[in-house]
file model-v9.pdb (PDB, C-alpha atoms and all ligand atoms)
ATOM      1  CA  MET D   1       0.000   0.000   0.000  1.00  0.00           C
ATOM      2  CA  GLN D   2       1.414   3.410  -1.001  1.00  0.00           C
ATOM      3  CA  GLU D   3       0.339   6.676   0.594  1.00  0.00           C
ATOM      4  CA  VAL D   4      -0.455  10.189  -0.564  1.00  0.00           C
ATOM      5  CA  LEU D   5       0.215  12.775   2.132  1.00  0.00           C
ATOM      6  CA  VAL D   6      -2.664  15.264   2.346  1.00  0.00           C
ATOM      7  CA  LEU D   7      -1.061  18.132   4.245  1.00  0.00           C
ATOM      8  CA  TYR D   8      -3.125  21.198   5.059  1.00  0.00           C
ATOM      9  CA  TYR D   9      -3.603  24.188   7.326  1.00  0.00           C
ATOM     10  CA  SER D  10      -7.130  25.335   8.146  1.00  0.00           C
ATOM     11  CA  HIS D  11      -8.367  27.934  10.615  1.00  0.00           C
ATOM     12  CA  THR D  12     -12.140  27.935  10.088  1.00  0.00           C
ATOM     13  CA  GLY D  13     -12.499  24.472   8.582  1.00  0.00           C
ATOM     14  CA  ALA D  14     -12.992  24.960   4.828  1.00  0.00           C
ATOM     15  CA  VAL D  15      -9.583  23.671   3.766  1.00  0.00           C
ATOM     16  CA  LYS D  16      -9.921  20.807   6.245  1.00  0.00           C
ATOM     17  CA  GLN D  17     -13.149  19.710   4.510  1.00  0.00           C
ATOM     18  CA  MET D  18     -11.422  19.949   1.137  1.00  0.00           C
ATOM     19  CA  ALA D  19      -8.554  17.815   2.478  1.00  0.00           C
ATOM     20  CA  GLN D  20     -11.038  15.117   3.498  1.00  0.00           C
ATOM     21  CA  LEU D  21     -12.585  15.118   0.004  1.00  0.00           C
ATOM     22  CA  ILE D  22      -9.167  14.902  -1.628  1.00  0.00           C
ATOM     23  CA  ALA D  23      -8.340  11.982   0.687  1.00  0.00           C
ATOM     24  CA  ARG D  24     -11.556  10.319  -0.461  1.00  0.00           C
ATOM     25  CA  GLY D  25     -10.421  10.779  -4.063  1.00  0.00           C
ATOM     26  CA  VAL D  26      -7.012   9.276  -3.258  1.00  0.00           C
ATOM     27  CA  GLU D  27      -8.600   6.190  -1.721  1.00  0.00           C
ATOM     28  CA  LYS D  28     -10.715   5.536  -4.815  1.00  0.00           C
ATOM     29  CA  VAL D  29      -7.489   4.251  -6.382  1.00  0.00           C
ATOM     30  CA  PRO D  30      -6.815   0.609  -5.418  1.00  0.00           C
ATOM     31  CA  GLY D  31      -3.496   0.276  -3.595  1.00  0.00           C
ATOM     32  CA  MET D  32      -3.447   3.915  -2.471  1.00  0.00           C
ATOM     33  CA  ARG D  33      -4.164   5.329   0.971  1.00  0.00           C
ATOM     34  CA  ALA D  34      -4.321   8.944   2.206  1.00  0.00           C
ATOM     35  CA  ARG D  35      -2.349  10.161   5.228  1.00  0.00           C
ATOM     36  CA  LEU D  36      -3.935  13.378   6.585  1.00  0.00           C
ATOM     37  CA  ARG D  37      -1.621  15.756   8.423  1.00  0.00           C
ATOM     38  CA  THR D  38      -1.713  19.394   9.482  1.00  0.00           C
ATOM     39  CA  VAL D  39       0.686  22.035  10.801  1.00  0.00           C
ATOM     40  CA  PRO D  40       0.541  23.956  14.100  1.00  0.00           C
ATOM     41  CA  LYS D  41      -0.179  27.681  14.221  1.00  0.00           C
ATOM     42  CA  VAL D  42       2.705  30.137  14.345  1.00  0.00           C
ATOM     43  CA  SER D  43       2.836  33.326  16.405  1.00  0.00           C
ATOM     44  CA  THR D  44       4.519  36.643  15.617  1.00  0.00           C
ATOM     45  CA  VAL D  45       5.398  37.045  19.302  1.00  0.00           C
ATOM     46  CA  ALA D  46       7.061  33.732  20.031  1.00  0.00           C
ATOM     47  CA  GLU D  47       7.201  30.306  18.483  1.00  0.00           C
ATOM     48  CA  ALA D  48       4.017  28.421  19.268  1.00  0.00           C
ATOM     49  CA  THR D  49       4.513  25.183  21.122  1.00  0.00           C
ATOM     50  CA  GLU D  50       3.841  22.293  18.848  1.00  0.00           C
ATOM     51  CA  ALA D  51       0.770  20.306  19.827  1.00  0.00           C
ATOM     52  CA  GLU D  52       1.029  16.603  19.100  1.00  0.00           C
ATOM     53  CA  ILE D  53      -2.601  16.473  18.013  1.00  0.00           C
ATOM     54  CA  SER D  54      -3.654  19.764  16.483  1.00  0.00           C
ATOM     55  CA  ASP D  55      -6.945  21.585  17.070  1.00  0.00           C
ATOM     56  CA  SER D  56      -8.120  20.663  13.608  1.00  0.00           C
ATOM     57  CA  GLY D  57      -8.026  16.921  14.151  1.00  0.00           C
ATOM     58  CA  ALA D  58      -5.245  15.516  11.966  1.00  0.00           C
ATOM     59  CA  PRO D  59      -1.887  14.871  13.652  1.00  0.00           C
ATOM     60  CA  SER D  60       0.890  17.416  13.115  1.00  0.00           C
ATOM     61  CA  VAL D  61       3.084  16.604  10.156  1.00  0.00           C
ATOM     62  CA  GLU D  62       6.670  15.385  10.587  1.00  0.00           C
ATOM     63  CA  LEU D  63       9.452  15.361   7.999  1.00  0.00           C
ATOM     64  CA  LYS D  64       9.194  11.582   7.792  1.00  0.00           C
ATOM     65  CA  ASP D  65       5.614  11.960   6.470  1.00  0.00           C
ATOM     66  CA  LEU D  66       7.048  13.755   3.446  1.00  0.00           C
ATOM     67  CA  GLU D  67       9.798  11.177   2.996  1.00  0.00           C
ATOM     68  CA  GLU D  68       7.400   8.249   3.238  1.00  0.00           C
ATOM     69  CA  CYS D  69       4.707   9.529   0.862  1.00  0.00           C
ATOM     70  CA  ALA D  70       4.399   8.620  -2.815  1.00  0.00           C
ATOM     71  CA  GLY D  71       2.675  11.954  -3.525  1.00  0.00           C
ATOM     72  CA  LEU D  72       1.624  15.151  -1.770  1.00  0.00           C
ATOM     73  CA  ALA D  73      -1.575  17.216  -1.757  1.00  0.00           C
ATOM     74  CA  LEU D  74      -0.919  20.587  -0.112  1.00  0.00           C
ATOM     75  CA  GLY D  75      -3.797  22.789   1.061  1.00  0.00           C
ATOM     76  CA  SER D  76      -3.968  26.270   2.564  1.00  0.00           C
ATOM     77  CA  PRO D  77      -6.459  29.064   3.069  1.00  0.00           C
ATOM     78  CA  THR D  78      -5.679  32.087   0.920  1.00  0.00           C
ATOM     79  CA  ARG D  79      -4.054  34.811   3.034  1.00  0.00           C
ATOM     80  CA  PHE D  80      -3.547  38.057   1.118  1.00  0.00           C
ATOM     81  CA  GLY D  81      -3.312  36.127  -2.149  1.00  0.00           C
ATOM     82  CA  ASN D  82      -0.768  33.673  -0.798  1.00  0.00           C
ATOM     83  CA  MET D  83      -0.503  30.557   1.375  1.00  0.00           C
ATOM     84  CA  ALA D  84      -0.916  30.872   5.156  1.00  0.00           C
ATOM     85  CA  ALA D  85       2.214  31.381   7.285  1.00  0.00           C
ATOM     86  CA  PRO D  86       1.975  28.112   9.289  1.00  0.00           C
ATOM     87  CA  LEU D  87       2.276  26.062   6.108  1.00  0.00           C
ATOM     88  CA  LYS D  88       5.071  28.252   4.704  1.00  0.00           C
ATOM     89  CA  TYR D  89       6.866  28.012   8.060  1.00  0.00           C
ATOM     90  CA  PHE D  90       6.760  24.226   7.880  1.00  0.00           C
ATOM     91  CA  LEU D  91       7.945  24.182   4.259  1.00  0.00           C
ATOM     92  CA  ASP D  92      10.831  26.502   5.146  1.00  0.00           C
ATOM     93  CA  GLY D  93      12.015  23.790   7.531  1.00  0.00           C
ATOM     94  CA  THR D  94      12.311  21.127   4.820  1.00  0.00           C
ATOM     95  CA  GLY D  95      15.839  22.099   3.686  1.00  0.00           C
ATOM     96  CA  ALA D  96      17.287  18.763   4.797  1.00  0.00           C
ATOM     97  CA  LEU D  97      14.912  16.940   2.443  1.00  0.00           C
ATOM     98  CA  TRP D  98      15.795  19.323  -0.387  1.00  0.00           C
ATOM     99  CA  LEU D  99      19.530  18.665   0.164  1.00  0.00           C
ATOM    100  CA  LYS D 100      19.113  14.946  -0.358  1.00  0.00           C
ATOM    101  CA  GLY D 101      16.466  15.239  -3.084  1.00  0.00           C
ATOM    102  CA  ALA D 102      13.953  13.274  -1.021  1.00  0.00           C
ATOM    103  CA  MET D 103      10.903  14.725  -2.778  1.00  0.00           C
ATOM    104  CA  ALA D 104      12.350  14.838  -6.306  1.00  0.00           C
ATOM    105  CA  GLY D 105      10.223  12.984  -8.832  1.00  0.00           C
ATOM    106  CA  LYS D 106       7.177  12.656  -6.582  1.00  0.00           C
ATOM    107  CA  PRO D 107       3.878  14.179  -7.786  1.00  0.00           C
ATOM    108  CA  ALA D 108       2.157  17.048  -5.926  1.00  0.00           C
ATOM    109  CA  ALA D 109      -1.151  18.912  -6.150  1.00  0.00           C
ATOM    110  CA  VAL D 110      -2.434  22.052  -4.382  1.00  0.00           C
ATOM    111  CA  PHE D 111      -5.765  23.317  -3.053  1.00  0.00           C
ATOM    112  CA  THR D 112      -7.104  26.459  -1.392  1.00  0.00           C
ATOM    113  CA  SER D 113     -10.171  28.286  -0.103  1.00  0.00           C
ATOM    114  CA  THR D 114     -11.021  32.001  -0.223  1.00  0.00           C
ATOM    115  CA  ALA D 115     -13.614  34.434   1.095  1.00  0.00           C
ATOM    116  CA  SER D 116     -14.111  36.140  -2.272  1.00  0.00           C
ATOM    117  CA  LEU D 117     -14.266  34.800  -5.809  1.00  0.00           C
ATOM    118  CA  HIS D 118     -11.471  36.969  -7.171  1.00  0.00           C
ATOM    119  CA  GLY D 119      -9.546  37.116  -3.902  1.00  0.00           C
ATOM    120  CA  GLY D 120      -6.526  35.151  -5.047  1.00  0.00           C
ATOM    121  CA  GLN D 121      -7.348  31.467  -5.509  1.00  0.00           C
ATOM    122  CA  GLU D 122      -5.136  31.202  -8.558  1.00  0.00           C
ATOM    123  CA  THR D 123      -2.249  33.281  -7.158  1.00  0.00           C
ATOM    124  CA  THR D 124      -2.286  31.167  -4.010  1.00  0.00           C
ATOM    125  CA  LEU D 125      -2.304  27.906  -5.944  1.00  0.00           C
ATOM    126  CA  LEU D 126       0.492  29.021  -8.252  1.00  0.00           C
ATOM    127  CA  SER D 127       2.652  30.339  -5.405  1.00  0.00           C
ATOM    128  CA  MET D 128       2.131  27.120  -3.440  1.00  0.00           C
ATOM    129  CA  MET D 129       3.681  25.267  -6.373  1.00  0.00           C
ATOM    130  CA  LEU D 130       6.975  27.181  -6.174  1.00  0.00           C
ATOM    131  CA  PRO D 131       8.563  25.490  -3.147  1.00  0.00           C
ATOM    132  CA  LEU D 132       7.323  22.129  -4.449  1.00  0.00           C
ATOM    133  CA  ILE D 133       9.058  22.729  -7.776  1.00  0.00           C
ATOM    134  CA  HIS D 134      12.260  23.633  -5.907  1.00  0.00           C
ATOM    135  CA  GLN D 135      11.949  20.293  -4.163  1.00  0.00           C
ATOM    136  CA  GLY D 136      11.848  18.619  -7.585  1.00  0.00           C
ATOM    137  CA  MET D 137       8.199  17.599  -7.330  1.00  0.00           C
ATOM    138  CA  LEU D 138       6.037  17.064 -10.426  1.00  0.00           C
ATOM    139  CA  ILE D 139       2.911  19.234 -10.376  1.00  0.00           C
ATOM    140  CA  VAL D 140      -0.447  17.606 -11.109  1.00  0.00           C
ATOM    141  CA  GLY D 141      -3.351  19.917 -11.986  1.00  0.00           C
ATOM    142  CA  LEU D 142      -6.924  19.337 -13.153  1.00  0.00           C
ATOM    143  CA  PRO D 143      -7.621  18.741 -16.867  1.00  0.00           C
ATOM    144  CA  TYR D 144     -10.596  20.327 -18.666  1.00  0.00           C
ATOM    145  CA  SER D 145     -11.965  16.840 -19.231  1.00  0.00           C
ATOM    146  CA  GLU D 146     -13.381  17.571 -15.755  1.00  0.00           C
ATOM    147  CA  ALA D 147     -16.558  19.250 -17.065  1.00  0.00           C
ATOM    148  CA  ASP D 148     -17.065  21.196 -13.806  1.00  0.00           C
ATOM    149  CA  LEU D 149     -14.077  23.397 -14.626  1.00  0.00           C
ATOM    150  CA  MET D 150     -16.111  25.090 -17.376  1.00  0.00           C
ATOM    151  CA  THR D 151     -19.317  25.517 -15.436  1.00  0.00           C
ATOM    152  CA  THR D 152     -18.393  26.128 -11.780  1.00  0.00           C
ATOM    153  CA  GLN D 153     -19.895  29.243 -10.225  1.00  0.00           C
ATOM    154  CA  GLY D 154     -17.516  29.023  -7.268  1.00  0.00           C
ATOM    155  CA  GLY D 155     -14.097  27.410  -6.937  1.00  0.00           C
ATOM    156  CA  GLY D 156     -12.329  24.930  -9.190  1.00  0.00           C
ATOM    157  CA  THR D 157      -9.309  25.741 -11.369  1.00  0.00           C
ATOM    158  CA  PRO D 158      -6.926  23.872 -13.667  1.00  0.00           C
ATOM    159  CA  TYR D 159      -4.137  24.743 -11.185  1.00  0.00           C
ATOM    160  CA  GLY D 160      -5.784  22.796  -8.377  1.00  0.00           C
ATOM    161  CA  ALA D 161      -8.959  22.506  -6.333  1.00  0.00           C
ATOM    162  CA  SER D 162     -10.479  25.580  -4.706  1.00  0.00           C
ATOM    163  CA  HIS D 163     -13.520  26.659  -2.722  1.00  0.00           C
ATOM    164  CA  LEU D 164     -15.417  29.915  -2.350  1.00  0.00           C
ATOM    165  CA  ALA D 165     -16.242  30.101   1.371  1.00  0.00           C
ATOM    166  CA  GLY D 166     -17.805  33.588   1.351  1.00  0.00           C
ATOM    167  CA  ALA D 167     -17.254  36.622   3.563  1.00  0.00           C
ATOM    168  CA  ASN D 168     -18.597  34.840   6.647  1.00  0.00           C
ATOM    169  CA  ALA D 169     -16.748  31.592   5.887  1.00  0.00           C
ATOM    170  CA  ASP D 170     -20.080  29.791   5.865  1.00  0.00           C
ATOM    171  CA  GLN D 171     -20.713  28.724   2.262  1.00  0.00           C
ATOM    172  CA  PRO D 172     -20.802  24.943   1.981  1.00  0.00           C
ATOM    173  CA  ILE D 173     -18.576  23.225  -0.547  1.00  0.00           C
ATOM    174  CA  SER D 174     -20.629  23.142  -3.765  1.00  0.00           C
ATOM    175  CA  GLU D 175     -21.249  19.954  -5.725  1.00  0.00           C
ATOM    176  CA  ALA D 176     -18.829  21.078  -8.451  1.00  0.00           C
ATOM    177  CA  GLU D 177     -16.129  21.986  -5.925  1.00  0.00           C
ATOM    178  CA  ARG D 178     -16.622  18.636  -4.185  1.00  0.00           C
ATOM    179  CA  ARG D 179     -16.301  16.666  -7.432  1.00  0.00           C
ATOM    180  CA  LEU D 180     -13.153  18.579  -8.360  1.00  0.00           C
ATOM    181  CA  CYS D 181     -11.542  17.910  -4.952  1.00  0.00           C
ATOM    182  CA  ILE D 182     -12.214  14.202  -5.337  1.00  0.00           C
ATOM    183  CA  ALA D 183     -10.995  14.229  -8.957  1.00  0.00           C
ATOM    184  CA  LEU D 184      -7.757  15.930  -7.915  1.00  0.00           C
ATOM    185  CA  GLY D 185      -7.133  13.346  -5.186  1.00  0.00           C
ATOM    186  CA  THR D 186      -7.791  10.484  -7.598  1.00  0.00           C
ATOM    187  CA  ARG D 187      -5.594  11.959 -10.338  1.00  0.00           C
ATOM    188  CA  LEU D 188      -2.732  12.550  -7.908  1.00  0.00           C
ATOM    189  CA  ALA D 189      -3.004   9.013  -6.531  1.00  0.00           C
ATOM    190  CA  GLU D 190      -3.049   7.492 -10.035  1.00  0.00           C
ATOM    191  CA  VAL D 191       0.117   9.382 -10.977  1.00  0.00           C
ATOM    192  CA  ALA D 192       1.770   8.515  -7.641  1.00  0.00           C
ATOM    193  CA  LEU D 193       0.977   4.838  -8.172  1.00  0.00           C
ATOM    194  CA  LYS D 194       2.507   4.908 -11.670  1.00  0.00           C
ATOM    195  CA  LEU D 195       5.654   6.723 -10.530  1.00  0.00           C
ATOM    196  CA  GLY D 196       6.019   4.533  -7.424  1.00  0.00           C
ATOM    197  CA  LYS D 197       8.376   6.993  -5.699  1.00  0.00           C
ATOM    198  CA  ALA D 198       7.548   6.170  -2.051  1.00  0.00           C
TER     199      ALA D 198
HETATM  200  C1  LIG E 201      -5.382  37.209   7.441  1.00  0.00           C
HETATM  201  C2  LIG E 201      -6.344  36.705   6.415  1.00  0.00           C
HETATM  202  C3  LIG E 201      -6.138  37.014   5.083  1.00  0.00           C
HETATM  203  C4  LIG E 201      -7.051  36.587   4.112  1.00  0.00           C
HETATM  204  N1  LIG E 201      -6.817  36.907   2.807  1.00  0.00           N
HETATM  205  C5  LIG E 201      -7.748  36.573   1.876  1.00  0.00           C
HETATM  206  C6  LIG E 201      -7.541  36.938   0.506  1.00  0.00           C
HETATM  207  O1  LIG E 201      -6.508  37.475   0.111  1.00  0.00           O
HETATM  208  N2  LIG E 201      -8.542  36.652  -0.364  1.00  0.00           N
HETATM  209  C7  LIG E 201      -9.710  36.031   0.014  1.00  0.00           C
HETATM  210  O2  LIG E 201     -10.594  35.846  -0.810  1.00  0.00           O
HETATM  211  N3  LIG E 201      -9.878  35.605   1.295  1.00  0.00           N
HETATM  212  C8  LIG E 201      -8.938  35.865   2.223  1.00  0.00           C
HETATM  213  N4  LIG E 201      -9.106  35.456   3.519  1.00  0.00           N
HETATM  214  C9  LIG E 201     -10.234  34.553   3.847  1.00  0.00           C
HETATM  215  C10 LIG E 201      -9.833  33.060   3.892  1.00  0.00           C
HETATM  216  O3  LIG E 201      -9.016  32.712   2.811  1.00  0.00           O
HETATM  217  C11 LIG E 201     -11.096  32.187   3.820  1.00  0.00           C
HETATM  218  O4  LIG E 201     -11.939  32.504   4.921  1.00  0.00           O
HETATM  219  C12 LIG E 201     -10.785  30.702   3.806  1.00  0.00           C
HETATM  220  O5  LIG E 201     -11.944  30.030   3.351  1.00  0.00           O
HETATM  221  C13 LIG E 201     -10.379  30.156   5.166  1.00  0.00           C
HETATM  222  O6  LIG E 201     -10.088  28.778   5.085  1.00  0.00           O
HETATM  223  P1  LIG E 201     -10.194  27.853   6.392  1.00  0.00           P
HETATM  224  O7  LIG E 201     -11.672  27.791   6.757  1.00  0.00           O
HETATM  225  O8  LIG E 201      -9.685  26.517   5.985  1.00  0.00           O
HETATM  226  O9  LIG E 201      -9.383  28.481   7.464  1.00  0.00           O
HETATM  227  C14 LIG E 201      -8.192  35.834   4.493  1.00  0.00           C
HETATM  228  C15 LIG E 201      -8.368  35.505   5.838  1.00  0.00           C
HETATM  229  C16 LIG E 201      -7.467  35.925   6.796  1.00  0.00           C
HETATM  230  C17 LIG E 201      -7.697  35.557   8.244  1.00  0.00           C
END
call {"tool": "encode", "arguments": {"input": "model-v9.pdb", "output": "structure tokens"}}
result
Amino acid sequence: MQEVLVLYYSHTGAVKQMAQLIARGVEKVPGMRARLRTVPKVSTVAEATEAEISDSGAPSVELKDLEECAGLALGSPTRFGNMAAPLKYFLDGTGALWLKGAMAGKPAAVFTSTASLHGGQETTLLSMMLPLIHQGMLIVGLPYSEADLMTTQGGGTPYGASHLAGANADQPISEAERRLCIALGTRLAEVALKLGKA
């Protein structure tokens, strides 16, 4: 059994729900399992102490989770058009893996959630790809054979899955967004299985 690491940060729960859908998509592929992990919050005043089990349910990620996975799905809320600091903070601590090329050749996909429709879903997704490309990962997006990409009234992009949560962070994940999350998880798992880079 090979695993896809579904690594996310979520403050109000939207990205966490997306992560669970992506995990469902991963597990549609025989022989593939999803490992859900999150990152602790960071503070501008002092380093936050790292909780073993985070508030949002999934255990906190460790470097070995990245080393052991055959593929990675990375999810973050959009913060000022970019990924959230806790996830960036964790990625900035992966230099040892970069040095030994531990992630090189493994596939990766990205997902995000925003308050507003034009509030930076695509910039966030594209900027989340940058550190993954430096790590040598192979980016997997969504193809337009996913019909929802043409018709969605909310999230869903060729760069990765996305969700429009609304100004009060209370819009449920739409049917189209849900299907695209699952499709992204399945596509990533299929590629990971073929590459067999665990
Ligand atoms: C500091 C901060 C910055 C944000 N920046 C943006 C933004 O640039 N564009 C946007 O549409 N939403 C922005 N949001 C809203 C979140 O992206 C949105 O509520 C998201 O769905 C939260 O995901 P979560 O429920 O997984 O935490 C921001 C929220 C915070 C707290």
call {"tool": "closest_residue", "arguments": {"input": "model-v9.pdb", "among": "D:Asp170, D:Glu67, D:Glu27, D:Asp92", "to": "ligand LIG 201 (chain E)", "atoms": "only C-alpha atoms and all ligand atoms"}}
result
D:Asp170
call {"tool": "atom_distance", "arguments": {"input": "model-v9.pdb", "atom1": "CA of Gly25 in chain D", "atom2": "CA of Val4 in chain D"}}
result
10.6 Å
call {"tool": "resolve_selection", "arguments": {"input": "model-v9.pdb", "expression": "the PyMOL selection byres (((not hetatm)) within 6 of (chain E and resi 201))", "output": "ChimeraX atom specification"}}
result
/D:10-16,77-81,113-116,119-120,165,169
call {"tool": "resolve_selection", "arguments": {"input": "model-v9.pdb", "expression": "the PyMOL selection byres (((chain D and resi 61) around 12) and not hetatm)", "output": "PyMOL selection string"}}
result
chain D and resi 5-9+35-40+50-54+57-60+62-69+74+86-87+90-91+93-94
call {"tool": "closest_residue", "arguments": {"input": "model-v9.pdb", "among": "D:Leu138, D:Met128, D:Val26, D:Ala109", "to": "Leu195 in chain D", "atoms": "only C-alpha atoms"}}
result
D:Leu138
call {"tool": "atom_distance", "arguments": {"input": "model-v9.pdb", "atom1": "CA of Ser162 in chain D", "atom2": "CA of Thr112 in chain D"}}
result
4.8 Å
call {"tool": "atom_distance", "arguments": {"input": "model-v9.pdb", "atom1": "CA of Met32 in chain D", "atom2": "CA of Lys197 in chain D"}}
result
12.6 Å
call {"tool": "resolve_selection", "arguments": {"input": "model-v9.pdb", "expression": "the PyMOL selection byres (((chain D and resi 71) around 6) and not hetatm)", "output": "VMD selection string"}}
result
chain D and resid 4 69 to 70 72 106 to 108 192
call {"tool": "closest_residue", "arguments": {"input": "model-v9.pdb", "among": "D:Leu126, D:Ala23, D:Cys181, D:Leu117", "to": "Gly154 in chain D", "atoms": "all atoms listed in the file"}}
result
D:Leu117
call {"tool": "axis_aligned_box", "arguments": {"input": "model-v9.pdb", "around": "range 9-28 of chain D", "padding_each_side": "3 Å", "output": "JSON"}}
result
{"center_x": -8.4, "center_y": 16.7, "center_z": 2.9, "size_x": 15.5, "size_y": 28.4, "size_z": 21.4}
call {"tool": "closest_residue", "arguments": {"input": "model-v9.pdb", "among": "D:Leu188, D:Leu164, D:Ala198, D:Ala147", "to": "Val29 in chain D", "atoms": "only C-alpha atoms"}}
result
D:Leu188
call {"tool": "closest_residue", "arguments": {"input": "model-v9.pdb", "among": "D:Gly155, D:Ser43, D:Gly185, D:Gly75", "to": "Pro172 in chain D", "atoms": "all atoms listed in the file"}}
result
D:Gly155
call {"tool": "closest_residue", "arguments": {"input": "model-v9.pdb", "among": "D:Val45, D:Ala73, D:Ala85, D:Ala183", "to": "Ile139 in chain D", "atoms": "all atoms listed in the file"}}
result
D:Ala73
call {"tool": "residues_near_point", "arguments": {"input": "model-v9.pdb", "point": "(17.5, 19.5, 1.8)", "cutoff": "12 Å", "atoms": "only C-alpha atoms", "output": "list in words"}}
result
Leu63, Glu67, Leu91, Asp92, Gly93, Thr94, Gly95, Ala96, Leu97, Trp98, Leu99, Lys100, Gly101, Ala102, Met103, Ala104, Pro131, His134, Gln135 and Gly136 of chain D
call {"tool": "write_last_selection", "arguments": {"input": "model-v9.pdb", "atoms": "C-alpha atoms", "output": "PDB file, keeping the file's coordinate frame"}}
result
ATOM      1  CA  LEU D  63       9.452  15.361   7.999  1.00  0.00           C
ATOM      2  CA  GLU D  67       9.798  11.177   2.996  1.00  0.00           C
ATOM      3  CA  LEU D  91       7.945  24.182   4.259  1.00  0.00           C
ATOM      4  CA  ASP D  92      10.831  26.502   5.146  1.00  0.00           C
ATOM      5  CA  GLY D  93      12.015  23.790   7.531  1.00  0.00           C
ATOM      6  CA  THR D  94      12.311  21.127   4.820  1.00  0.00           C
ATOM      7  CA  GLY D  95      15.839  22.099   3.686  1.00  0.00           C
ATOM      8  CA  ALA D  96      17.287  18.763   4.797  1.00  0.00           C
ATOM      9  CA  LEU D  97      14.912  16.940   2.443  1.00  0.00           C
ATOM     10  CA  TRP D  98      15.795  19.323  -0.387  1.00  0.00           C
ATOM     11  CA  LEU D  99      19.530  18.665   0.164  1.00  0.00           C
ATOM     12  CA  LYS D 100      19.113  14.946  -0.358  1.00  0.00           C
ATOM     13  CA  GLY D 101      16.466  15.239  -3.084  1.00  0.00           C
ATOM     14  CA  ALA D 102      13.953  13.274  -1.021  1.00  0.00           C
ATOM     15  CA  MET D 103      10.903  14.725  -2.778  1.00  0.00           C
ATOM     16  CA  ALA D 104      12.350  14.838  -6.306  1.00  0.00           C
ATOM     17  CA  PRO D 131       8.563  25.490  -3.147  1.00  0.00           C
ATOM     18  CA  HIS D 134      12.260  23.633  -5.907  1.00  0.00           C
ATOM     19  CA  GLN D 135      11.949  20.293  -4.163  1.00  0.00           C
ATOM     20  CA  GLY D 136      11.848  18.619  -7.585  1.00  0.00           C
TER      21      GLY D 136
END
